[in-house]
>>> print(open('my_file_39.cif').read())   # mmCIF, C-alpha atoms and all ligand atoms
data_start
loop_
_atom_site.label_atom_id
_atom_site.label_comp_id
_atom_site.auth_asym_id
_atom_site.auth_seq_id
_atom_site.Cartn_x
_atom_site.Cartn_y
_atom_site.Cartn_z
CA MET A 1 -124.57 18.63 218.44
CA LEU A 2 -125.63 18.22 215.00
CA TYR A 3 -124.32 14.65 214.96
CA HIS A 4 -125.76 13.90 218.34
CA ARG A 5 -129.11 15.16 217.31
CA THR A 6 -128.80 13.39 214.04
CA ALA A 7 -127.70 10.17 215.73
CA LYS A 8 -130.69 10.36 218.02
CA GLY A 9 -132.82 11.35 215.11
CA LYS A 10 -131.44 8.47 213.02
CA VAL A 11 -132.92 5.93 215.40
CA GLY A 12 -136.23 7.68 215.01
CA VAL A 13 -135.83 7.82 211.27
CA MET A 14 -134.86 4.13 211.12
CA LYS A 15 -137.80 3.17 213.28
CA SER A 16 -140.16 5.11 211.13
CA ARG A 17 -138.50 3.68 208.00
CA ILE A 18 -139.10 0.15 209.25
CA LEU A 19 -142.63 1.14 210.12
CA MET A 20 -143.10 2.63 206.67
CA GLN A 21 -141.67 -0.51 205.08
CA VAL A 22 -144.10 -2.64 207.05
CA VAL A 23 -146.94 -0.36 206.02
CA PHE A 24 -145.82 -0.50 202.38
CA ALA A 25 -145.39 -4.25 202.45
CA THR A 26 -148.81 -4.73 204.01
CA ALA A 27 -150.38 -2.36 201.52
CA LEU A 28 -148.60 -4.19 198.72
CA LEU A 29 -149.81 -7.57 199.97
CA LEU A 30 -153.36 -6.33 200.39
CA GLY A 31 -153.21 -4.69 196.99
CA VAL A 32 -151.88 -7.82 195.35
CA SER A 33 -154.41 -10.10 196.98
CA ALA A 34 -157.26 -7.71 196.14
CA ARG A 35 -156.05 -7.58 192.55
CA ALA A 36 -155.60 -11.34 192.41
CA GLN A 37 -159.15 -11.78 193.61
CA ALA A 38 -160.56 -9.30 191.15
CA ALA A 39 -158.47 -10.51 188.22
CA GLU A 40 -158.48 -14.23 188.91
CA PRO A 41 -161.82 -15.65 189.93
CA MET A 42 -161.94 -19.36 190.74
CA LYS A 43 -162.34 -21.37 187.56
CA VAL A 44 -165.10 -23.98 187.53
CA SER A 45 -166.85 -25.97 184.81
CA ALA A 46 -170.46 -27.00 184.35
CA SER A 47 -171.70 -29.67 181.96
CA PHE A 48 -174.67 -27.84 180.40
CA SER A 49 -176.24 -24.40 180.17
CA ILE A 50 -179.01 -24.75 182.78
CA LEU A 51 -176.56 -25.93 185.44
CA GLY A 52 -173.99 -23.37 184.26
CA ASP A 53 -176.48 -20.56 184.91
CA MET A 54 -177.24 -21.80 188.44
CA VAL A 55 -173.51 -22.05 189.22
CA LYS A 56 -172.89 -18.58 187.83
CA GLN A 57 -175.68 -17.07 189.91
CA VAL A 58 -174.48 -18.65 193.15
CA GLY A 59 -170.79 -17.96 192.44
CA GLY A 60 -171.22 -14.37 191.27
CA ASP A 61 -168.00 -12.53 190.46
CA ARG A 62 -165.83 -14.80 192.64
CA ILE A 63 -165.96 -17.51 189.98
CA GLU A 64 -165.61 -17.97 186.24
CA VAL A 65 -167.84 -20.70 184.78
CA PHE A 66 -167.06 -22.62 181.64
CA THR A 67 -170.07 -24.51 180.22
CA PHE A 68 -169.51 -27.42 177.83
CA VAL A 69 -172.95 -27.76 176.22
CA GLY A 70 -174.12 -24.24 175.46
CA PRO A 71 -177.49 -22.61 174.65
CA ASN A 72 -179.91 -24.82 172.65
CA GLY A 73 -177.35 -27.67 172.86
CA ASP A 74 -178.25 -31.29 173.57
CA ALA A 75 -176.61 -32.46 176.80
CA HIS A 76 -177.46 -36.13 176.17
CA VAL A 77 -175.22 -36.32 173.13
CA TYR A 78 -172.13 -34.18 172.97
CA GLU A 79 -168.70 -34.46 171.40
CA PRO A 80 -166.18 -32.76 173.71
CA THR A 81 -163.44 -30.73 172.01
CA PRO A 82 -159.73 -30.30 172.94
CA ALA A 83 -160.69 -26.79 174.14
CA ASP A 84 -163.16 -28.39 176.59
CA ALA A 85 -160.39 -30.63 177.95
CA LYS A 86 -158.15 -27.61 178.48
CA GLU A 87 -160.89 -25.65 180.30
CA LEU A 88 -161.66 -28.65 182.49
CA SER A 89 -158.00 -29.21 183.37
CA GLU A 90 -157.85 -25.63 184.70
CA SER A 91 -161.07 -25.96 186.74
CA LYS A 92 -161.19 -26.44 190.48
CA ILE A 93 -164.71 -27.89 190.42
CA LEU A 94 -166.70 -29.77 187.78
CA PHE A 95 -170.46 -29.49 188.24
CA ILE A 96 -172.53 -32.20 186.56
CA ASN A 97 -176.22 -33.06 186.68
CA GLY A 98 -175.66 -36.78 187.20
CA LEU A 99 -178.53 -39.32 186.91
CA GLY A 100 -176.97 -40.55 183.67
CA LEU A 101 -177.39 -37.32 181.70
CA GLU A 102 -173.77 -36.75 180.72
CA GLY A 103 -172.61 -40.10 179.33
CA TRP A 104 -169.77 -38.32 177.51
CA MET A 105 -168.25 -36.80 180.65
CA THR A 106 -166.16 -39.70 181.96
CA ARG A 107 -164.03 -39.71 178.82
CA LEU A 108 -163.59 -35.93 178.93
CA GLU A 109 -162.56 -36.10 182.59
CA LYS A 110 -159.95 -38.75 181.83
CA SER A 111 -158.54 -37.05 178.74
CA SER A 112 -158.29 -33.67 180.48
CA GLY A 113 -156.35 -34.92 183.51
CA PHE A 114 -158.82 -33.05 185.73
CA LYS A 115 -157.66 -33.02 189.36
CA GLY A 116 -160.48 -31.04 190.97
CA THR A 117 -163.72 -32.02 192.67
CA VAL A 118 -166.71 -33.46 190.84
CA VAL A 119 -169.99 -32.18 192.26
CA ILE A 120 -173.24 -33.93 191.33
CA ALA A 121 -175.80 -31.13 191.50
CA SER A 122 -178.78 -33.48 191.69
CA LYS A 123 -177.45 -35.28 194.80
CA GLY A 124 -180.28 -35.69 197.31
CA ILE A 125 -183.25 -35.45 194.92
CA THR A 126 -185.68 -38.34 194.60
CA PRO A 127 -184.93 -39.84 191.17
CA ARG A 128 -187.81 -40.64 188.86
CA LYS A 129 -187.58 -44.19 187.59
CA MET A 130 -189.38 -45.36 184.50
CA VAL A 131 -189.61 -48.37 182.26
CA GLU A 132 -188.42 -47.88 178.71
CA ASP A 133 -188.10 -50.79 176.28
CA GLU A 134 -188.60 -53.15 179.23
CA LYS A 135 -185.64 -51.67 181.11
CA THR A 136 -185.90 -49.59 184.28
CA ILE A 137 -184.06 -46.33 183.74
CA THR A 138 -183.51 -43.12 185.68
CA ASP A 139 -184.93 -39.90 184.30
CA PRO A 140 -182.14 -37.28 184.42
CA HIS A 141 -184.32 -34.15 183.93
CA ALA A 142 -184.66 -33.39 187.66
CA TRP A 143 -184.12 -29.64 187.17
CA GLN A 144 -187.60 -29.39 185.63
CA ASN A 145 -189.07 -29.56 189.16
CA LEU A 146 -188.27 -26.28 190.97
CA ALA A 147 -188.20 -28.11 194.33
CA ASN A 148 -185.25 -30.08 192.94
CA GLY A 149 -183.74 -26.82 191.66
CA LYS A 150 -183.50 -25.72 195.31
CA ILE A 151 -181.47 -28.85 196.10
CA TYR A 152 -179.17 -28.12 193.14
CA VAL A 153 -178.59 -24.57 194.46
CA ALA A 154 -177.78 -25.83 197.97
CA ASN A 155 -175.31 -28.39 196.57
CA ILE A 156 -173.65 -25.73 194.40
CA ARG A 157 -173.41 -23.30 197.33
CA ASP A 158 -171.87 -25.90 199.66
CA ALA A 159 -169.34 -26.99 197.03
CA LEU A 160 -168.25 -23.41 196.34
CA ILE A 161 -167.85 -22.71 200.07
CA ALA A 162 -165.78 -25.88 200.51
CA ALA A 163 -163.45 -24.84 197.67
CA ASP A 164 -163.31 -21.14 198.57
CA PRO A 165 -164.18 -20.60 202.27
CA ASP A 166 -163.42 -16.85 202.05
CA GLY A 167 -166.44 -16.49 199.79
CA LYS A 168 -168.86 -18.11 202.25
CA ALA A 169 -170.92 -14.98 202.93
CA ALA A 170 -171.15 -14.07 199.25
CA TYR A 171 -172.12 -17.61 198.18
CA GLU A 172 -174.74 -17.83 200.92
CA ALA A 173 -176.26 -14.48 199.97
CA ASN A 174 -176.28 -15.26 196.23
CA ALA A 175 -177.78 -18.71 196.86
CA GLN A 176 -180.52 -17.18 199.03
CA THR A 177 -181.42 -14.71 196.28
CA LEU A 178 -181.76 -17.56 193.79
CA LEU A 179 -183.71 -19.72 196.27
CA ASP A 180 -186.13 -16.84 196.82
CA GLY A 181 -186.54 -16.50 193.05
CA ILE A 182 -187.21 -20.23 192.73
CA ALA A 183 -189.82 -20.11 195.51
CA ALA A 184 -191.61 -17.21 193.78
CA MET A 185 -191.50 -19.07 190.45
CA GLU A 186 -192.99 -22.20 192.07
CA THR A 187 -196.04 -20.16 193.06
CA LYS A 188 -196.34 -18.75 189.52
CA VAL A 189 -196.09 -22.18 187.88
CA LYS A 190 -198.71 -23.69 190.20
CA GLU A 191 -201.08 -20.75 189.65
CA ALA A 192 -200.69 -20.93 185.87
CA ILE A 193 -201.37 -24.67 185.73
CA ALA A 194 -204.34 -24.38 188.08
CA LYS A 195 -205.93 -22.09 185.48
CA LEU A 196 -205.67 -24.67 182.69
CA PRO A 197 -208.76 -26.83 182.07
CA PRO A 198 -207.92 -30.31 183.49
CA GLU A 199 -208.72 -32.05 180.19
CA ARG A 200 -206.06 -29.95 178.46
CA ARG A 201 -203.22 -30.83 180.84
CA LYS A 202 -202.01 -33.71 178.69
CA ILE A 203 -199.60 -32.79 175.89
CA ILE A 204 -196.90 -34.16 173.59
CA THR A 205 -193.19 -33.24 173.42
CA THR A 206 -190.42 -34.81 171.36
CA HIS A 207 -188.48 -36.50 174.15
CA ASP A 208 -189.41 -37.33 177.73
CA ALA A 209 -187.89 -34.26 179.38
CA PHE A 210 -190.83 -33.09 181.47
CA GLY A 211 -191.58 -36.08 183.71
CA TYR A 212 -190.45 -34.25 186.88
CA PHE A 213 -192.35 -31.12 185.81
CA GLY A 214 -195.51 -33.14 185.14
CA ALA A 215 -195.31 -35.04 188.42
CA ALA A 216 -194.69 -31.87 190.44
CA TYR A 217 -197.31 -29.64 188.86
CA GLY A 218 -200.02 -32.01 187.65
CA MET A 219 -199.56 -32.30 183.91
CA GLU A 220 -198.98 -35.29 181.70
CA PHE A 221 -196.29 -35.19 179.02
CA ILE A 222 -196.12 -37.92 176.40
CA ALA A 223 -193.15 -38.28 174.06
CA PRO A 224 -192.32 -40.50 171.08
CA GLU A 225 -188.65 -40.48 172.11
CA GLY A 226 -187.55 -41.69 175.53
CA VAL A 227 -185.73 -39.83 178.31
CA SER A 228 -182.66 -39.52 176.13
CA THR A 229 -182.38 -38.08 172.65
CA GLU A 230 -179.77 -40.74 171.82
CA SER A 231 -182.24 -43.14 170.25
CA GLU A 232 -184.76 -42.00 167.67
CA ALA A 233 -188.44 -42.76 167.96
CA SER A 234 -189.49 -45.91 166.14
CA ALA A 235 -192.28 -45.87 163.57
CA LYS A 236 -194.26 -48.01 166.00
CA ASP A 237 -193.87 -45.43 168.80
CA VAL A 238 -194.96 -42.61 166.49
CA ALA A 239 -198.00 -44.57 165.27
CA LYS A 240 -198.95 -45.34 168.87
CA ILE A 241 -198.81 -41.67 169.83
CA ILE A 242 -200.87 -40.61 166.81
CA THR A 243 -203.57 -43.09 167.86
CA GLN A 244 -203.41 -41.84 171.44
CA ILE A 245 -203.70 -38.16 170.41
CA LYS A 246 -206.80 -38.93 168.34
CA LYS A 247 -208.41 -41.15 170.96
CA GLU A 248 -207.75 -38.87 173.95
CA LYS A 249 -208.17 -35.62 172.00
CA ILE A 250 -204.76 -34.34 173.15
CA PRO A 251 -204.87 -30.64 172.24
CA ALA A 252 -201.28 -29.73 171.39
CA VAL A 253 -197.75 -30.85 170.64
CA PHE A 254 -194.82 -28.75 171.82
CA LEU A 255 -191.49 -28.44 170.10
CA GLU A 256 -188.29 -28.34 172.14
CA ASN A 257 -185.32 -26.07 171.71
CA VAL A 258 -182.90 -29.03 171.75
CA THR A 259 -184.64 -31.38 169.30
CA ASP A 260 -185.51 -31.47 165.65
CA SER A 261 -189.05 -30.24 164.94
CA ARG A 262 -189.78 -32.55 161.98
CA LEU A 263 -191.16 -35.45 164.01
CA LEU A 264 -193.70 -33.28 165.82
CA ASP A 265 -194.59 -31.41 162.62
CA GLN A 266 -195.49 -34.80 161.16
CA ILE A 267 -197.51 -35.83 164.25
CA SER A 268 -199.33 -32.49 164.23
CA LYS A 269 -200.22 -32.88 160.55
CA GLU A 270 -201.63 -36.35 161.07
CA THR A 271 -203.78 -35.41 164.05
CA ALA A 272 -205.91 -32.54 165.23
CA ALA A 273 -203.22 -31.48 167.72
CA LYS A 274 -201.84 -28.02 167.05
CA ILE A 275 -198.24 -26.95 167.54
CA GLY A 276 -198.33 -25.10 170.84
CA GLY A 277 -194.90 -23.47 170.65
CA THR A 278 -191.39 -24.26 171.81
CA LEU A 279 -190.52 -25.42 175.32
CA PHE A 280 -187.01 -25.17 176.74
CA SER A 281 -186.19 -28.61 178.06
CA ASP A 282 -182.49 -29.43 178.35
CA ALA A 283 -180.85 -26.10 177.51
CA LEU A 284 -181.33 -22.37 177.89
CA SER A 285 -181.66 -19.94 175.01
CA PRO A 286 -178.75 -17.59 174.29
CA PRO A 287 -178.62 -14.83 176.98
CA ALA A 288 -180.65 -12.36 174.91
CA GLY A 289 -183.36 -14.96 174.13
CA PRO A 290 -186.57 -15.78 176.02
CA ALA A 291 -184.99 -18.36 178.35
CA GLY A 292 -181.52 -17.08 179.16
CA THR A 293 -181.62 -18.18 182.82
CA TYR A 294 -183.02 -21.09 184.84
CA LEU A 295 -185.92 -18.96 186.07
CA ASP A 296 -186.61 -17.41 182.66
CA MET A 297 -186.80 -20.93 181.24
CA PHE A 298 -189.72 -21.67 183.60
CA ARG A 299 -191.28 -18.27 182.92
CA ASN A 300 -191.14 -18.88 179.18
CA ASN A 301 -192.38 -22.48 179.39
CA ILE A 302 -195.32 -21.60 181.58
CA GLU A 303 -196.32 -18.71 179.29
CA THR A 304 -196.07 -20.96 176.24
CA LEU A 305 -198.17 -23.69 177.90
CA SER A 306 -200.75 -21.18 179.15
CA GLN A 307 -201.16 -19.48 175.79
CA ALA A 308 -201.61 -22.74 173.90
CA LEU A 309 -203.77 -24.62 176.40
CA SER A 310 -205.96 -22.08 178.16
CA SER A 311 -208.75 -22.23 175.58
ZN ZN A 401 -183.40 -34.58 177.75
#
>>> encode(input="my_file_39.cif", output="structure tokens", more="lines below")
Ligand SMILES: [Zn+2]
Amino acid sequence: MLYHRTAKGKVGVMKSRILMQVVFATALLLGVSARAQAAEPMKVSASFSILGDMVKQVGGDRIEVFTFVGPNGDAHVYEPTPADAKELSESKILFINGLGLEGWMTRLEKSSGFKGTVVIASKGITPRKMVEDEKTITDPHAWQNLANGKIYVANIRDALIAADPDGKAAYEANAQTLLDGIAAMETKVKEAIAKLPPERRKIITTHDAFGYFGAAYGMEFIAPEGVSTESEASAKDVAKIITQIKKEKIPAVFLENVTDSRLLDQISKETAAKIGGTLFSDALSPPAGPAGTYLDMFRNNIETLSQALSS
């Protein structure tokens, strides 16, 4: 009886053992995949700090972003390190600005053996062309127009979804939050510039980084250096700008966080233009600084311009 009952019971026990094993295995799998997701976010790289911040905001905790050119760094000229090559080789996506900004990237890509996807964040914007030293060149600083920033965010979102479809809902929600922030900032920038006297909306910066900003919001930026910091301003260019400042009574020169201040110090001394403060052009500040994110960069720049030019 005992055996009989046991035998009958054994089937039950075996069935429930199998069931328990299935439950355990499932729990184990779920646990492992949950841990893997929490512990191993998708690795991606971004060429410079402004783009890195946008990618980080859209990717949230599903990704880990490595940025080559960090806070206050100059993205036009950069010497990649072996550590950069290693980070890139482990990345699934490489986000670049494009439009000729990162001339150093092709070599880094080749040396790293990168096998992932290259995403050009500026794809779909209308490039600003200009003539410099009798050559037509493309201005890479498209992020300085918030309307272009929206296109960057959409490109980043779509690339992250393509690489990690499970994160679609999260990427879409994060992107929407950033897009809403950009839309609100657009209103603020337009309001702030509308308050400036029209005759004071022409200013000097070191290099031509604010062409998109100027075209979008109705300001004129003049720079002794061109759209890249690679070539220094010639004495002739500097002399020309000094004459222009005097003739047109340009009120202020603005330093940039990525360029040397000596040139503008000199221009300010030789003219009546005052130094209006520091604008963030091609890089963010460190996280604790005044321009630690894409939106804070605009907030800071608009405050700096308003304070220096409103009276
Ligand atoms: Zn630049």
>>> closest_atom_pairs(input="my_file_39.cif", of="segment 104-158 of chain A", to="segment 186-194 of chain A", cutoff="9 Å", atoms="only C-alpha atoms", output="CSV")
residue,atom,partner,partner_atom,distance
A:Asn145,CA,A:Glu186,CA,8.8
A:Leu146,CA,A:Glu186,CA,6.3
A:Ala147,CA,A:Glu186,CA,7.9
>>> residues_around(input="my_file_39.cif", residues="Ala159 of chain A", least_positions_apart="2", cutoff="12 Å", atoms="only C-alpha atoms", output="count of residues only")
31
>>> residues_near_ligand(input="my_file_39.cif", ligand="ligand ZN 401 (chain A)", cutoff="8 Å", atoms="all atoms listed in the file", output="list of chain:residue names")
A:Asp74, A:Ala75, A:His76, A:Leu101, A:Pro140, A:His141, A:His207, A:Asp208, A:Ala209, A:Val227, A:Ser228, A:Thr229, A:Ser281, A:Asp282
>>> closest_residue(input="my_file_39.cif", among="A:Thr243, A:Ser47, A:Ser306, A:Ser91", to="Tyr78 of chain A", atoms="only C-alpha atoms")
A:Ser47
>>> atom_distance(input="my_file_39.cif", atom1="atom CA of Ser45 of chain A", atom2="atom CA of Glu90 of chain A")
9.0 Å
>>> atom_distance(input="my_file_39.cif", atom1="atom CA of Asp133 of chain A", atom2="atom CA of Gly103 of chain A")
19.1 Å
>>> closest_residue(input="my_file_39.cif", among="A:Ala233, A:Thr271, A:Ala183, A:Gly98", to="Lys246 of chain A", atoms="all atoms listed in the file")
A:Thr271
>>> atom_distance(input="my_file_39.cif", atom1="atom CA of Thr304 of chain A", atom2="atom CA of Pro198 of chain A")
16.7 Å
>>> closest_residue(input="my_file_39.cif", among="A:Lys86, A:Lys43, A:Lys240, A:Lys56", to="Leu108 of chain A", atoms="only C-alpha atoms")
A:Lys86
>>> axis_aligned_box(input="my_file_39.cif", around="segment 208-219 of chain A", padding_each_side="8 Å", output="JSON")
{"center_x": -194.0, "center_y": -33.5, "center_z": 184.1, "size_x": 28.1, "size_y": 23.7, "size_z": 28.7}
>>> residues_around(input="my_file_39.cif", residues="Pro286 of chain A", least_positions_apart="5", cutoff="8 Å", atoms="only C-alpha atoms", output="number ranges by chain")
A: 71-72, 291-292
>>> residues_around(input="my_file_39.cif", residues="Gln144 of chain A", least_positions_apart="5", cutoff="7 Å", atoms="all atoms listed in the file", output="tab-separated table (two decimals) with C-alpha atoms, keeping the file's coordinate frame")
chain	number	residue	atom	x	y	z
A	210	PHE	CA	-190.83	-33.09	181.47
A	212	TYR	CA	-190.45	-34.25	186.88
A	213	PHE	CA	-192.35	-31.12	185.81
>>> closest_residue(input="my_file_39.cif", among="A:Ala184, A:Ile204, A:Ala215, A:Leu99", to="Ile250 of chain A", atoms="only C-alpha atoms")
A:Ile204
>>> closest_residue(input="my_file_39.cif", among="A:Gly214, A:Ala272, A:Pro80, A:Glu132", to="Asp237 of chain A", atoms="only C-alpha atoms")
A:Glu132
>>> residues_near_point(input="my_file_39.cif", point="(-185.7, -35.8, 196.4)", cutoff="9 Å", atoms="all atoms listed in the file", output="PyMOL selection string")
chain A and resi 122-127+147-148+151
